[in-house]
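Okay, my_file-v2.cif is below, mmCIF, C-alpha atoms and all ligand atoms:
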```cif
data_input
#
loop_
_atom_site.label_atom_id
_atom_site.label_comp_id
_atom_site.auth_asym_id
_atom_site.auth_seq_id
_atom_site.Cartn_x
_atom_site.Cartn_y
_atom_site.Cartn_z
CA MET J 1 5.13 4.71 1.44
CA ARG J 2 7.34 6.20 -1.16
CA PRO J 3 11.08 6.01 -0.55
CA ILE J 4 13.09 6.39 -3.69
CA ALA J 5 16.68 7.24 -2.74
CA ILE J 6 17.31 3.60 -1.94
CA ALA J 7 15.85 2.63 -5.27
CA LEU J 8 18.30 4.91 -6.99
CA CYS J 9 21.12 3.06 -5.31
CA ALA J 10 20.12 -0.20 -6.94
CA THR J 11 20.08 1.62 -10.24
CA VAL J 12 23.73 2.46 -9.71
CA VAL J 13 24.55 -1.08 -8.70
CA ASN J 14 23.01 -2.34 -11.89
CA GLY J 15 24.80 0.10 -14.12
CA LEU J 16 24.00 3.70 -14.82
CA SER J 17 23.66 3.20 -18.54
CA SER J 18 20.56 1.11 -18.07
CA VAL J 19 18.78 3.91 -16.22
CA PHE J 20 17.43 4.71 -19.63
CA ALA J 21 14.89 2.35 -21.09
CA ALA J 22 15.40 1.06 -24.58
CA THR J 23 14.38 3.53 -27.27
CA SER J 24 11.26 1.55 -28.11
CA GLU J 25 10.11 1.83 -24.50
CA ARG J 26 10.75 5.52 -24.22
CA ALA J 27 7.63 6.72 -26.00
CA PRO J 28 5.14 5.63 -23.27
CA GLU J 29 7.47 7.03 -20.59
CA ASP J 30 7.67 10.34 -22.41
CA GLU J 31 3.94 10.36 -22.80
CA LEU J 32 3.41 9.80 -19.08
CA LEU J 33 6.05 12.33 -18.13
CA GLY J 34 4.41 14.91 -20.37
CA LYS J 35 1.04 14.27 -18.74
CA LEU J 36 2.26 14.43 -15.13
CA PRO J 37 1.76 18.16 -14.52
CA GLU J 38 -1.82 17.96 -15.75
CA ILE J 39 -2.58 14.79 -13.79
CA PHE J 40 -1.23 16.28 -10.56
CA ALA J 41 -3.03 19.58 -11.14
CA LYS J 42 -6.35 17.85 -11.84
CA SER J 43 -5.87 15.49 -8.91
CA ALA J 44 -5.19 18.40 -6.57
CA GLU J 45 -8.33 20.12 -7.82
CA HIS J 46 -10.36 16.93 -7.21
CA TYR J 47 -8.98 16.46 -3.72
CA LYS J 48 -9.59 20.09 -2.75
CA ALA J 49 -13.21 19.64 -3.75
CA LEU J 50 -13.35 16.33 -1.87
CA ASP J 51 -11.82 17.93 1.21
CA SER J 52 -14.34 20.73 1.06
CA ALA J 53 -17.27 18.30 0.83
CA ALA J 54 -15.89 16.00 3.54
CA THR J 55 -14.76 18.57 6.12
CA PRO J 56 -18.28 19.35 7.44
CA LEU J 57 -18.76 15.56 7.82
CA MET J 58 -15.49 15.00 9.70
CA LYS J 59 -17.43 14.08 12.85
CA ASP J 60 -20.39 11.73 12.96
CA GLU J 61 -23.55 12.29 15.02
CA GLN J 62 -21.78 10.91 18.12
CA GLY J 63 -18.87 13.30 17.67
CA GLU J 64 -16.48 10.56 16.51
CA PHE J 65 -13.98 11.43 13.80
CA ARG J 66 -14.18 9.84 10.37
CA THR J 67 -12.50 10.20 6.97
CA PRO J 68 -13.78 9.99 3.38
CA HIS J 69 -13.42 6.45 2.07
CA GLY J 70 -15.46 6.32 -1.14
CA TRP J 71 -18.48 7.45 -3.05
CA ARG J 72 -21.84 5.66 -3.01
CA ILE J 73 -22.56 5.86 -6.71
CA GLY J 74 -26.23 4.81 -6.46
CA LYS J 75 -26.99 7.34 -3.73
CA GLY J 76 -24.63 10.03 -4.94
CA GLU J 77 -23.15 10.56 -1.47
CA LEU J 78 -19.81 10.42 0.27
CA ASP J 79 -19.01 7.26 2.18
CA MET J 80 -17.41 8.52 5.39
CA ARG J 81 -15.86 5.86 7.63
CA SER J 82 -14.66 5.80 11.23
CA ILE J 83 -11.00 6.53 11.84
CA TYR J 84 -10.81 2.88 12.96
CA TRP J 85 -11.74 1.67 9.47
CA TRP J 86 -8.68 0.16 7.79
CA THR J 87 -8.36 2.85 5.10
CA SER J 88 -8.49 5.95 7.32
CA GLY J 89 -4.86 6.82 6.51
CA HIS J 90 -5.27 6.85 2.74
CA PHE J 91 -7.17 10.12 2.29
CA PRO J 92 -4.68 12.07 4.46
CA GLY J 93 -1.88 10.20 2.70
CA SER J 94 -3.15 11.27 -0.72
CA LEU J 95 -3.26 14.87 0.46
CA TRP J 96 0.37 14.52 1.54
CA TYR J 97 1.31 13.14 -1.87
CA LEU J 98 -0.52 15.95 -3.61
CA TYR J 99 1.28 18.48 -1.42
CA GLU J 100 4.53 16.77 -2.40
CA ALA J 101 3.53 16.86 -6.07
CA THR J 102 2.42 20.48 -6.18
CA GLY J 103 3.96 22.30 -3.20
CA ASP J 104 0.53 23.83 -2.52
CA ALA J 105 0.55 24.93 1.16
CA PHE J 106 -3.23 24.57 1.43
CA LEU J 107 -2.90 20.84 0.78
CA LYS J 108 -0.29 20.60 3.54
CA GLU J 109 -2.66 22.29 5.96
CA ARG J 110 -5.52 19.94 5.05
CA ALA J 111 -3.24 16.88 5.13
CA THR J 112 -2.17 17.86 8.64
CA ALA J 113 -5.75 18.34 9.80
CA TRP J 114 -6.91 14.95 8.48
CA THR J 115 -3.79 13.20 9.74
CA GLU J 116 -4.00 14.48 13.28
CA ILE J 117 -7.51 13.17 13.89
CA LEU J 118 -6.08 9.65 13.61
CA ALA J 119 -4.03 9.86 16.84
CA PRO J 120 -6.31 7.45 18.80
CA VAL J 121 -5.55 4.70 16.27
CA ALA J 122 -2.08 4.38 17.85
CA THR J 123 -3.53 2.25 20.65
CA TYR J 124 -6.16 0.39 18.63
CA LYS J 125 -5.58 -3.35 19.06
CA ASP J 126 -8.50 -4.79 17.10
CA ASN J 127 -7.07 -4.37 13.62
CA HIS J 128 -3.81 -5.34 11.95
CA ASP J 129 -4.25 -2.43 9.56
CA VAL J 130 -2.88 0.20 11.93
CA GLY J 131 0.21 0.14 9.71
CA PHE J 132 -1.80 1.29 6.70
CA MET J 133 -3.72 3.79 8.81
CA MET J 134 -0.82 5.45 10.56
CA TYR J 135 2.12 5.03 8.20
CA CYS J 136 0.30 6.34 5.10
CA SER J 137 -0.76 9.40 7.11
CA TYR J 138 1.73 10.17 9.90
CA GLY J 139 4.52 8.29 8.15
CA ASN J 140 4.27 10.49 5.08
CA ALA J 141 3.91 13.57 7.29
CA ARG J 142 7.19 12.82 9.08
CA ARG J 143 8.98 12.03 5.81
CA ILE J 144 7.75 15.07 3.90
CA LEU J 145 7.95 17.60 6.76
CA LYS J 146 11.21 16.07 7.99
CA THR J 147 9.87 16.18 11.51
CA ASP J 148 10.19 13.78 14.42
CA LYS J 149 7.14 15.15 16.20
CA TYR J 150 5.03 12.13 15.23
CA ASP J 151 7.64 9.51 16.06
CA ALA J 152 6.30 8.64 19.51
CA LEU J 153 2.85 8.05 18.04
CA LEU J 154 4.26 5.84 15.30
CA MET J 155 6.37 3.86 17.76
CA GLN J 156 3.31 3.41 19.94
CA THR J 157 1.39 2.14 16.89
CA ALA J 158 4.12 -0.37 16.07
CA SER J 159 4.01 -1.62 19.63
CA THR J 160 0.20 -1.91 19.45
CA LEU J 161 0.45 -3.89 16.20
CA CYS J 162 2.87 -6.33 17.82
CA LYS J 163 0.23 -7.20 20.42
CA ARG J 164 -1.33 -9.19 17.57
CA TYR J 165 1.88 -11.19 17.08
CA HIS J 166 1.81 -14.88 18.01
CA GLU J 167 5.31 -15.95 19.03
CA GLY J 168 4.66 -19.67 18.40
CA LEU J 169 3.30 -19.15 14.91
CA GLY J 170 5.67 -16.30 14.07
CA LEU J 171 2.72 -14.41 12.57
CA ILE J 172 0.67 -11.31 13.19
CA ARG J 173 -3.02 -12.06 13.38
CA SER J 174 -4.89 -10.22 10.63
CA TRP J 175 -8.52 -10.56 11.57
CA GLY J 176 -10.21 -11.23 14.90
CA LYS J 177 -9.58 -10.45 18.52
CA THR J 178 -6.08 -10.99 19.89
CA ASP J 179 -7.23 -13.79 22.22
CA GLU J 180 -9.45 -15.63 19.72
CA LYS J 181 -8.85 -19.38 20.14
CA ALA J 182 -11.12 -20.79 17.41
CA ASN J 183 -9.11 -19.35 14.55
CA PHE J 184 -6.01 -17.42 13.62
CA LEU J 185 -6.67 -15.67 10.31
CA VAL J 186 -3.93 -14.20 8.16
CA ILE J 187 -4.26 -12.36 4.83
CA PRO J 188 -1.53 -11.10 2.47
CA ASP J 189 -2.76 -7.52 2.94
CA ASN J 190 -0.98 -7.76 6.30
CA LEU J 191 2.39 -7.47 4.53
CA MET J 192 1.60 -3.81 3.94
CA ASN J 193 1.59 -3.18 7.68
CA LEU J 194 5.15 -4.43 8.04
CA GLU J 195 6.60 -1.20 6.66
CA LEU J 196 5.70 0.53 9.92
CA LEU J 197 7.46 -2.23 11.87
CA GLU J 198 10.53 -1.99 9.67
CA TRP J 199 10.69 1.73 10.35
CA ALA J 200 10.16 1.20 14.10
CA GLY J 201 12.89 -1.46 14.11
CA SER J 202 15.42 0.85 12.55
CA GLU J 203 14.41 3.69 14.89
CA SER J 204 14.88 1.44 17.92
CA LYS J 205 18.42 0.71 16.82
CA LYS J 206 19.28 4.40 16.55
CA GLU J 207 18.65 5.15 20.20
CA LYS J 208 19.63 2.76 22.97
CA GLY J 209 16.63 1.79 25.08
CA LYS J 210 14.07 3.23 22.67
CA GLY J 211 12.70 -0.22 21.81
CA LYS J 212 12.31 -0.97 25.54
CA LYS J 213 10.16 2.09 25.96
CA TYR J 214 7.74 0.52 23.54
CA GLY J 215 7.45 -2.94 25.09
CA GLY J 216 10.94 -4.19 24.29
CA VAL J 217 9.70 -5.67 21.01
CA ASP J 218 12.18 -6.41 18.24
CA PHE J 219 10.00 -4.88 15.53
CA GLY J 220 12.25 -5.90 12.67
CA LYS J 221 12.29 -9.51 13.87
CA VAL J 222 8.49 -9.60 14.04
CA ALA J 223 8.21 -8.17 10.52
CA MET J 224 10.70 -10.66 9.08
CA SER J 225 9.11 -13.61 10.82
CA HIS J 226 5.67 -12.63 9.52
CA ALA J 227 7.02 -12.17 6.00
CA ASP J 228 8.87 -15.51 6.10
CA VAL J 229 6.00 -17.61 7.44
CA THR J 230 3.60 -15.95 5.00
CA MET J 231 6.01 -16.69 2.15
CA LYS J 232 6.01 -20.35 3.15
CA HIS J 233 2.26 -20.90 3.23
CA HIS J 234 0.35 -18.16 1.48
CA TYR J 235 1.22 -18.80 -2.17
CA ARG J 236 0.75 -21.59 -4.64
CA PRO J 237 3.75 -22.97 -6.55
CA ASP J 238 2.88 -20.69 -9.50
CA GLY J 239 3.12 -17.58 -7.27
CA GLY J 240 -0.62 -16.88 -7.01
CA CYS J 241 -1.90 -15.88 -3.57
CA TYR J 242 -4.57 -17.29 -1.32
CA HIS J 243 -6.59 -14.72 0.49
CA VAL J 244 -7.39 -16.04 3.98
CA LEU J 245 -5.42 -18.75 5.77
CA ASP J 246 -6.51 -20.09 9.13
CA TYR J 247 -3.67 -21.38 11.32
CA ASP J 248 -3.96 -23.92 14.12
CA GLN J 249 -2.33 -22.34 17.16
CA GLU J 250 -1.41 -25.73 18.64
CA THR J 251 -0.02 -27.62 15.65
CA LYS J 252 1.14 -24.46 13.84
CA GLN J 253 -0.26 -25.89 10.62
CA VAL J 254 -2.63 -24.24 8.17
CA LYS J 255 -6.00 -25.74 9.05
CA GLY J 256 -8.18 -23.89 6.55
CA ILE J 257 -8.24 -21.81 3.41
CA GLN J 258 -11.00 -19.28 2.81
CA ARG J 259 -11.67 -17.42 -0.40
CA GLY J 260 -12.19 -14.17 1.55
CA GLN J 261 -12.43 -11.33 -0.94
CA GLY J 262 -11.31 -13.56 -3.81
CA ALA J 263 -13.43 -15.51 -6.29
CA SER J 264 -12.46 -18.92 -4.93
CA CYS J 265 -9.81 -20.76 -2.94
CA GLU J 266 -8.17 -21.82 -6.19
CA THR J 267 -7.79 -18.40 -7.79
CA ALA J 268 -5.70 -15.35 -6.94
CA TRP J 269 -7.48 -12.24 -5.68
CA SER J 270 -5.93 -9.37 -7.61
CA ARG J 271 -5.46 -6.85 -4.85
CA GLY J 272 -3.99 -9.51 -2.58
CA GLN J 273 -1.48 -10.25 -5.33
CA SER J 274 -0.61 -6.55 -5.58
CA TRP J 275 -0.27 -6.19 -1.80
CA SER J 276 2.11 -9.16 -1.92
CA ILE J 277 4.33 -7.77 -4.70
CA TYR J 278 4.50 -4.48 -2.86
CA GLY J 279 5.10 -6.09 0.53
CA TYR J 280 8.02 -8.31 -0.50
CA THR J 281 9.62 -5.50 -2.53
CA MET J 282 9.43 -3.30 0.56
CA MET J 283 10.90 -6.09 2.71
CA TYR J 284 13.85 -6.36 0.32
CA ARG J 285 14.39 -2.60 0.42
CA SER J 286 14.29 -2.67 4.17
CA THR J 287 16.32 -5.77 4.99
CA GLY J 288 18.51 -6.37 1.94
CA HIS J 289 17.57 -10.07 1.99
CA VAL J 290 17.56 -11.44 -1.55
CA ARG J 291 14.90 -14.05 -0.78
CA TYR J 292 12.36 -11.22 -0.58
CA LEU J 293 13.49 -9.80 -3.90
CA ASP J 294 13.31 -13.18 -5.62
CA PHE J 295 9.87 -13.75 -4.19
CA ALA J 296 8.60 -10.32 -5.23
CA LYS J 297 9.75 -11.12 -8.77
CA LYS J 298 7.94 -14.44 -8.75
CA LEU J 299 4.72 -12.77 -7.58
CA ALA J 300 5.08 -9.98 -10.15
CA ASP J 301 5.73 -12.45 -12.94
CA PHE J 302 2.60 -14.40 -12.02
CA ALA J 303 0.53 -11.23 -12.43
CA ILE J 304 2.22 -9.80 -15.51
CA GLY J 305 2.24 -13.09 -17.37
CA HIS J 306 -1.21 -14.25 -16.32
CA PRO J 307 -3.33 -15.29 -19.31
CA ASN J 308 -6.23 -13.28 -17.89
CA MET J 309 -4.26 -10.06 -17.51
CA PRO J 310 -5.98 -7.49 -19.78
CA ALA J 311 -3.95 -5.65 -22.40
CA ASP J 312 -3.99 -2.34 -20.47
CA GLY J 313 -2.49 -4.02 -17.38
CA ILE J 314 -5.42 -3.28 -15.04
CA PRO J 315 -6.38 -6.66 -13.58
CA TYR J 316 -9.85 -8.09 -13.30
CA TRP J 317 -10.79 -8.11 -9.61
CA ASP J 318 -9.61 -11.73 -9.44
CA TYR J 319 -7.21 -13.46 -11.81
CA GLY J 320 -9.81 -16.21 -12.06
CA ALA J 321 -12.65 -13.88 -13.05
CA PRO J 322 -11.88 -12.79 -16.61
CA GLY J 323 -14.50 -10.55 -18.18
CA GLU J 324 -15.83 -9.35 -14.82
CA GLU J 325 -15.06 -5.98 -13.21
CA ARG J 326 -11.54 -4.59 -13.22
CA ASP J 327 -9.99 -3.44 -9.96
CA SER J 328 -8.20 -0.14 -10.50
CA SER J 329 -6.80 -0.30 -6.96
CA ALA J 330 -5.06 -3.60 -7.74
CA GLY J 331 -3.62 -1.85 -10.81
CA SER J 332 -2.37 1.24 -8.98
CA CYS J 333 -0.81 -0.68 -6.09
CA MET J 334 0.87 -3.05 -8.55
CA ALA J 335 2.22 -0.14 -10.62
CA SER J 336 3.74 1.47 -7.55
CA ALA J 337 5.31 -1.81 -6.47
CA LEU J 338 6.68 -2.57 -9.95
CA LEU J 339 8.35 0.82 -10.22
CA GLU J 340 10.22 0.13 -7.02
CA LEU J 341 10.95 -3.48 -7.95
CA SER J 342 12.32 -2.38 -11.32
CA GLN J 343 15.09 -0.54 -9.48
CA TYR J 344 16.36 -3.64 -7.71
CA VAL J 345 16.79 -5.88 -10.76
CA GLY J 346 18.97 -5.83 -13.82
CA GLY J 347 18.60 -5.41 -17.56
CA ALA J 348 15.58 -6.97 -19.17
CA ASP J 349 13.64 -7.40 -15.90
CA ARG J 350 14.10 -3.76 -15.01
CA ALA J 351 12.81 -2.62 -18.39
CA ARG J 352 9.93 -5.12 -18.27
CA TYR J 353 8.67 -4.13 -14.81
CA ARG J 354 9.04 -0.45 -15.51
CA ALA J 355 7.30 -0.66 -18.89
CA PHE J 356 4.41 -2.60 -17.36
CA ALA J 357 3.97 -0.03 -14.59
CA VAL J 358 4.05 2.82 -17.09
CA LYS J 359 1.42 1.08 -19.19
CA GLN J 360 -0.77 0.69 -16.10
CA LEU J 361 -0.37 4.35 -15.14
CA LEU J 362 -1.19 5.55 -18.64
CA ALA J 363 -4.36 3.45 -18.53
CA LEU J 364 -5.31 4.76 -15.09
CA ALA J 365 -4.70 8.35 -16.22
CA SER J 366 -6.97 7.88 -19.25
CA PRO J 367 -10.67 8.83 -19.27
CA GLU J 368 -11.53 5.14 -18.91
CA TYR J 369 -10.35 5.25 -15.28
CA PHE J 370 -9.55 8.85 -14.31
CA SER J 371 -12.69 10.73 -13.33
CA GLU J 372 -13.82 14.07 -14.64
CA GLY J 373 -15.37 16.77 -12.48
CA GLY J 374 -17.41 15.38 -9.63
CA GLU J 375 -18.65 12.25 -11.38
CA ILE J 376 -17.48 10.06 -8.49
CA GLY J 377 -17.49 12.61 -5.69
CA HIS J 378 -14.06 13.95 -6.69
CA PHE J 379 -12.19 10.72 -6.04
CA LEU J 380 -9.68 10.11 -8.82
CA LEU J 381 -10.05 6.55 -10.05
CA LYS J 382 -13.19 4.82 -11.22
CA HIS J 383 -13.64 1.04 -11.37
CA GLY J 384 -12.33 -0.26 -8.06
CA VAL J 385 -13.65 -3.41 -6.40
CA GLY J 386 -13.68 -3.65 -2.61
CA HIS J 387 -15.31 -6.96 -1.74
CA LYS J 388 -17.24 -8.58 -4.57
CA PRO J 389 -18.19 -11.84 -2.80
CA GLY J 390 -19.54 -9.67 0.03
CA LYS J 391 -21.53 -7.70 -2.61
CA SER J 392 -19.84 -4.59 -1.37
CA GLU J 393 -18.05 -1.80 -3.27
CA ILE J 394 -18.20 -3.13 -6.81
CA ASP J 395 -17.05 -0.88 -9.67
CA THR J 396 -16.51 2.11 -7.44
CA PRO J 397 -13.83 4.60 -6.41
CA LEU J 398 -11.67 3.58 -3.46
CA ASP J 399 -9.50 5.89 -1.35
CA TYR J 400 -6.56 3.47 -1.43
CA GLY J 401 -6.74 3.13 -5.23
CA ASP J 402 -6.13 6.88 -5.46
CA TYR J 403 -3.36 6.76 -2.87
CA TYR J 404 -1.25 4.18 -4.71
CA PHE J 405 -1.92 5.88 -8.05
CA LEU J 406 -0.44 9.14 -6.70
CA GLU J 407 2.40 7.27 -5.05
CA ALA J 408 3.25 5.50 -8.31
CA LEU J 409 3.20 8.78 -10.24
CA LEU J 410 5.57 10.36 -7.72
CA ARG J 411 7.85 7.34 -7.90
CA PHE J 412 7.83 7.62 -11.66
CA ARG J 413 8.56 11.36 -11.54
CA GLU J 414 11.50 10.73 -9.27
CA LEU J 415 12.83 7.92 -11.44
CA LYS J 416 12.80 10.25 -14.41
CA ALA J 417 14.85 12.73 -12.41
CA VAL J 418 17.64 10.16 -12.13
CA ALA J 419 19.42 11.81 -15.03
CA ARG J 420 21.47 13.69 -12.43
CA PRO J 421 24.63 11.85 -11.23
CA ALA J 422 23.05 9.01 -9.30
CA ALA J 423 26.07 8.39 -7.05
CA THR J 424 25.21 11.56 -5.12
CA VAL J 425 21.99 10.03 -3.91
CA CYS J 426 23.17 6.45 -3.46
CA ARG J 427 22.53 4.69 -0.18
CA ALA J 428 22.96 0.98 0.43
CA PRO J 429 19.75 -0.86 1.31
CA ALA J 430 19.31 -0.56 5.07
CA ALA J 431 20.62 -3.92 6.22
CA HIS J 432 19.54 -3.72 9.80
CA HIS J 433 18.84 -7.39 10.21
CA LEU J 434 21.22 -8.95 7.79
N1 LIG M 501 -7.22 -4.98 3.13
C1 LIG M 501 -8.52 -5.17 2.62
C2 LIG M 501 -8.60 -4.98 1.18
O1 LIG M 501 -7.62 -4.89 0.47
O2 LIG M 501 -9.73 -4.93 0.71
#
```
Written form, structure tokens:
Amino acid sequence: MRPIAIALCATVVNGLSSVFAATSERAPEDELLGKLPEIFAKSAEHYKALDSAATPLMKDEQGEFRTPHGWRIGKGELDMRSIYWWTSGHFPGSLWYLYEATGDAFLKERATAWTEILAPVATYKDNHDVGFMMYCSYGNARRILKTDKYDALLMQTASTLCKRYHEGLGLIRSWGKTDEKANFLVIPDNLMNLELLEWAGSESKKEKGKGKKYGGVDFGKVAMSHADVTMKHHYRPDGGCYHVLDYDQETKQVKGIQRGQGASCETAWSRGQSWSIYGYTMMYRSTGHVRYLDFAKKLADFAIGHPNMPADGIPYWDYGAPGEERDSSAGSCMASALLELSQYVGGADRARYRAFAVKQLLALASPEYFSEGGEIGHFLLKHGVGHKPGKSEIDTPLDYGDYYFLEALLRFRELKAVARPAATVCRAPAAHHL
């Protein structure tokens, strides 16, 4: 999700004067800032058209709710997926962001409608992605509407997610049934689900006994343990990620590496790398622990400095697959993460991360990536890759690519508004488990 007030605090810590990028870096920022109104207006137009096409399809033949996930380019039809599909929160989340960007009440109404069909996900145990599903939708709703009416549902979801936690391993199981003995599969995507747990952990501390009501789980402890164990095993010394690790539940050792959605076990899958940069930046924001910040920087530096990173900053779908398809979703998620990360570091690093994110956003907003009219069913970004080794969703729009693109643009817009006295919005990083 998109907190920014905390980010502003780090800006103050690092010195107000450096809020402003060096003169040479200002031109791309000015260009992006100048384009924002048009990008948001066009995006809102696209999503209104998408909403209108998807609304009659909201229920499948069995009467089960579903949300728009993508566009089947070959068939020219919407790809509607069950609310239990891992991305069901992204379309409602994008509507929330567009409401935030434009203030258009119609978008709020549609965001609410698409969000509220996800309520059954709160008790869905078969997927670690309930964090994505519920926090991108209900989480944004509670933040933007400043309401607590969805809190019980979100707390319930956090408690459901923790049913996938293995105390001995200190990890949340990503894929598979909770009682699966043959394997224990973990992917870096899982870091994105920790934001919900971080929120639930801080909520539990506000009201005595609240945590107990939801299974007595220490949500923050679970999130930190998962982040720490993942940090230990899931990355190579150069900072590149594996996709799937299989843990032995007896010995607690990694017993297998699978390429998963990546090109091989030796290369870094681009979106997994972006999830990781985002996840550890979020963990630093939430806990204040510097080890997460340092790690996020290492992961970001791997991506930014990779010899196969294209000049426009939109990665190939795998860092080991130069010349193949780009993945715009890896680019948008990385841009959003870098904008936040840039606020927690000093001087040259801040300028470097911010400039890279701005470059990525300018590329994504260009006709090369940003769609015109209904060419991809009114989704925003072309050229996403879902699962190339599975021969699925190659060079296609993806709901989550759009979501992180809008999030990054909003983060950028808010960063540019920092010209006001930053001390008035300063808050220390929430240090609830320091
Ligand atoms: N979490 C699955 C993916 O990123 O494709």
Enclosing box along x, y and z for every listed atom of stretch 165-173 of chain J, padded 6 Å each side, centre and size in Å, one decimal, as AutoDock Vina command-line options:
```
--center_x 1.3 --center_y -15.4 --center_z 15.8 --size_x 20.7 --size_y 20.5 --size_z 18.5
```
Query - Exercise: J:Ser225 partners within 8 Å, all atoms listed in the file, chain neighbours under 4 positions left out, as a list in words - result: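 Near J:Ser225, the qualifying residues are Gly170, Leu171, Lys221 and Val229 of chain J.
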Report task. Counting all atoms listed in the file, figure out which residue out of J:Ile144, J:Leu154, J:Val186, J:Ala363 gets nearest to ligand LIG 501 (chain M). Result -> J:Val186
Requested in this report: Using only C-alpha atoms and all ligand atoms, determine which residues fall within 9 Å of ligand LIG 501 (chain M), then list them as a ChimeraX atom specification.
Outcome: /J:86-87,129,187-190,192,261,271-272,275,329-330,385-387,400
Protein, DNA and RNA residues within 12 Å of (10.2, -14.6, 1.9), only C-alpha atoms, as a PDB file with C-alpha atoms, in the frame of the given file:
```pdb
ATOM      1  CA  LEU J 191       2.390  -7.470   4.530  1.00  0.00           C
ATOM      2  CA  ALA J 223       8.210  -8.170  10.520  1.00  0.00           C
ATOM      3  CA  MET J 224      10.700 -10.660   9.080  1.00  0.00           C
ATOM      4  CA  SER J 225       9.110 -13.610  10.820  1.00  0.00           C
ATOM      5  CA  HIS J 226       5.670 -12.630   9.520  1.00  0.00           C
ATOM      6  CA  ALA J 227       7.020 -12.170   6.000  1.00  0.00           C
ATOM      7  CA  ASP J 228       8.870 -15.510   6.100  1.00  0.00           C
ATOM      8  CA  VAL J 229       6.000 -17.610   7.440  1.00  0.00           C
ATOM      9  CA  THR J 230       3.600 -15.950   5.000  1.00  0.00           C
ATOM     10  CA  MET J 231       6.010 -16.690   2.150  1.00  0.00           C
ATOM     11  CA  LYS J 232       6.010 -20.350   3.150  1.00  0.00           C
ATOM     12  CA  HIS J 233       2.260 -20.900   3.230  1.00  0.00           C
ATOM     13  CA  HIS J 234       0.350 -18.160   1.480  1.00  0.00           C
ATOM     14  CA  TYR J 235       1.220 -18.800  -2.170  1.00  0.00           C
ATOM     15  CA  GLY J 239       3.120 -17.580  -7.270  1.00  0.00           C
ATOM     16  CA  SER J 276       2.110  -9.160  -1.920  1.00  0.00           C
ATOM     17  CA  ILE J 277       4.330  -7.770  -4.700  1.00  0.00           C
ATOM     18  CA  GLY J 279       5.100  -6.090   0.530  1.00  0.00           C
ATOM     19  CA  TYR J 280       8.020  -8.310  -0.500  1.00  0.00           C
ATOM     20  CA  THR J 281       9.620  -5.500  -2.530  1.00  0.00           C
ATOM     21  CA  MET J 282       9.430  -3.300   0.560  1.00  0.00           C
ATOM     22  CA  MET J 283      10.900  -6.090   2.710  1.00  0.00           C
ATOM     23  CA  TYR J 284      13.850  -6.360   0.320  1.00  0.00           C
ATOM     24  CA  THR J 287      16.320  -5.770   4.990  1.00  0.00           C
ATOM     25  CA  GLY J 288      18.510  -6.370   1.940  1.00  0.00           C
ATOM     26  CA  HIS J 289      17.570 -10.070   1.990  1.00  0.00           C
ATOM     27  CA  VAL J 290      17.560 -11.440  -1.550  1.00  0.00           C
ATOM     28  CA  ARG J 291      14.900 -14.050  -0.780  1.00  0.00           C
ATOM     29  CA  TYR J 292      12.360 -11.220  -0.580  1.00  0.00           C
ATOM     30  CA  LEU J 293      13.490  -9.800  -3.900  1.00  0.00           C
ATOM     31  CA  ASP J 294      13.310 -13.180  -5.620  1.00  0.00           C
ATOM     32  CA  PHE J 295       9.870 -13.750  -4.190  1.00  0.00           C
ATOM     33  CA  ALA J 296       8.600 -10.320  -5.230  1.00  0.00           C
ATOM     34  CA  LYS J 297       9.750 -11.120  -8.770  1.00  0.00           C
ATOM     35  CA  LYS J 298       7.940 -14.440  -8.750  1.00  0.00           C
ATOM     36  CA  LEU J 299       4.720 -12.770  -7.580  1.00  0.00           C
TER      37      LEU J 299
END
```
Contacts of stretch 327-433 of chain J with stretch 305-309 of chain J up to 12 Å, shortest pair per row, only C-alpha atoms, as JSON lines:
```
{"residue": "J:Asp327", "atom": "CA", "partner": "J:Met309", "partner_atom": "CA", "distance": 11.6}
{"residue": "J:Ala330", "atom": "CA", "partner": "J:Met309", "partner_atom": "CA", "distance": 11.7}
{"residue": "J:Gly331", "atom": "CA", "partner": "J:Met309", "partner_atom": "CA", "distance": 10.6}
{"residue": "J:Arg352", "atom": "CA", "partner": "J:Gly305", "partner_atom": "CA", "distance": 11.1}
{"residue": "J:Tyr353", "atom": "CA", "partner": "J:Gly305", "partner_atom": "CA", "distance": 11.3}
{"residue": "J:Phe356", "atom": "CA", "partner": "J:Gly305", "partner_atom": "CA", "distance": 10.7}
{"residue": "J:Gln360", "atom": "CA", "partner": "J:Met309", "partner_atom": "CA", "distance": 11.4}
```
Deliver the residues from the most recent selection as a file, using C-alpha atoms, as a PDB file, in the coordinates of the input.
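Output saved as selection_18.pdb:
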```pdb
ATOM      1  CA  ASP J 327      -9.990  -3.440  -9.960  1.00  0.00           C
ATOM      2  CA  ALA J 330      -5.060  -3.600  -7.740  1.00  0.00           C
ATOM      3  CA  GLY J 331      -3.620  -1.850 -10.810  1.00  0.00           C
ATOM      4  CA  ARG J 352       9.930  -5.120 -18.270  1.00  0.00           C
ATOM      5  CA  TYR J 353       8.670  -4.130 -14.810  1.00  0.00           C
ATOM      6  CA  PHE J 356       4.410  -2.600 -17.360  1.00  0.00           C
ATOM      7  CA  GLN J 360      -0.770   0.690 -16.100  1.00  0.00           C
TER       8      GLN J 360
END
```
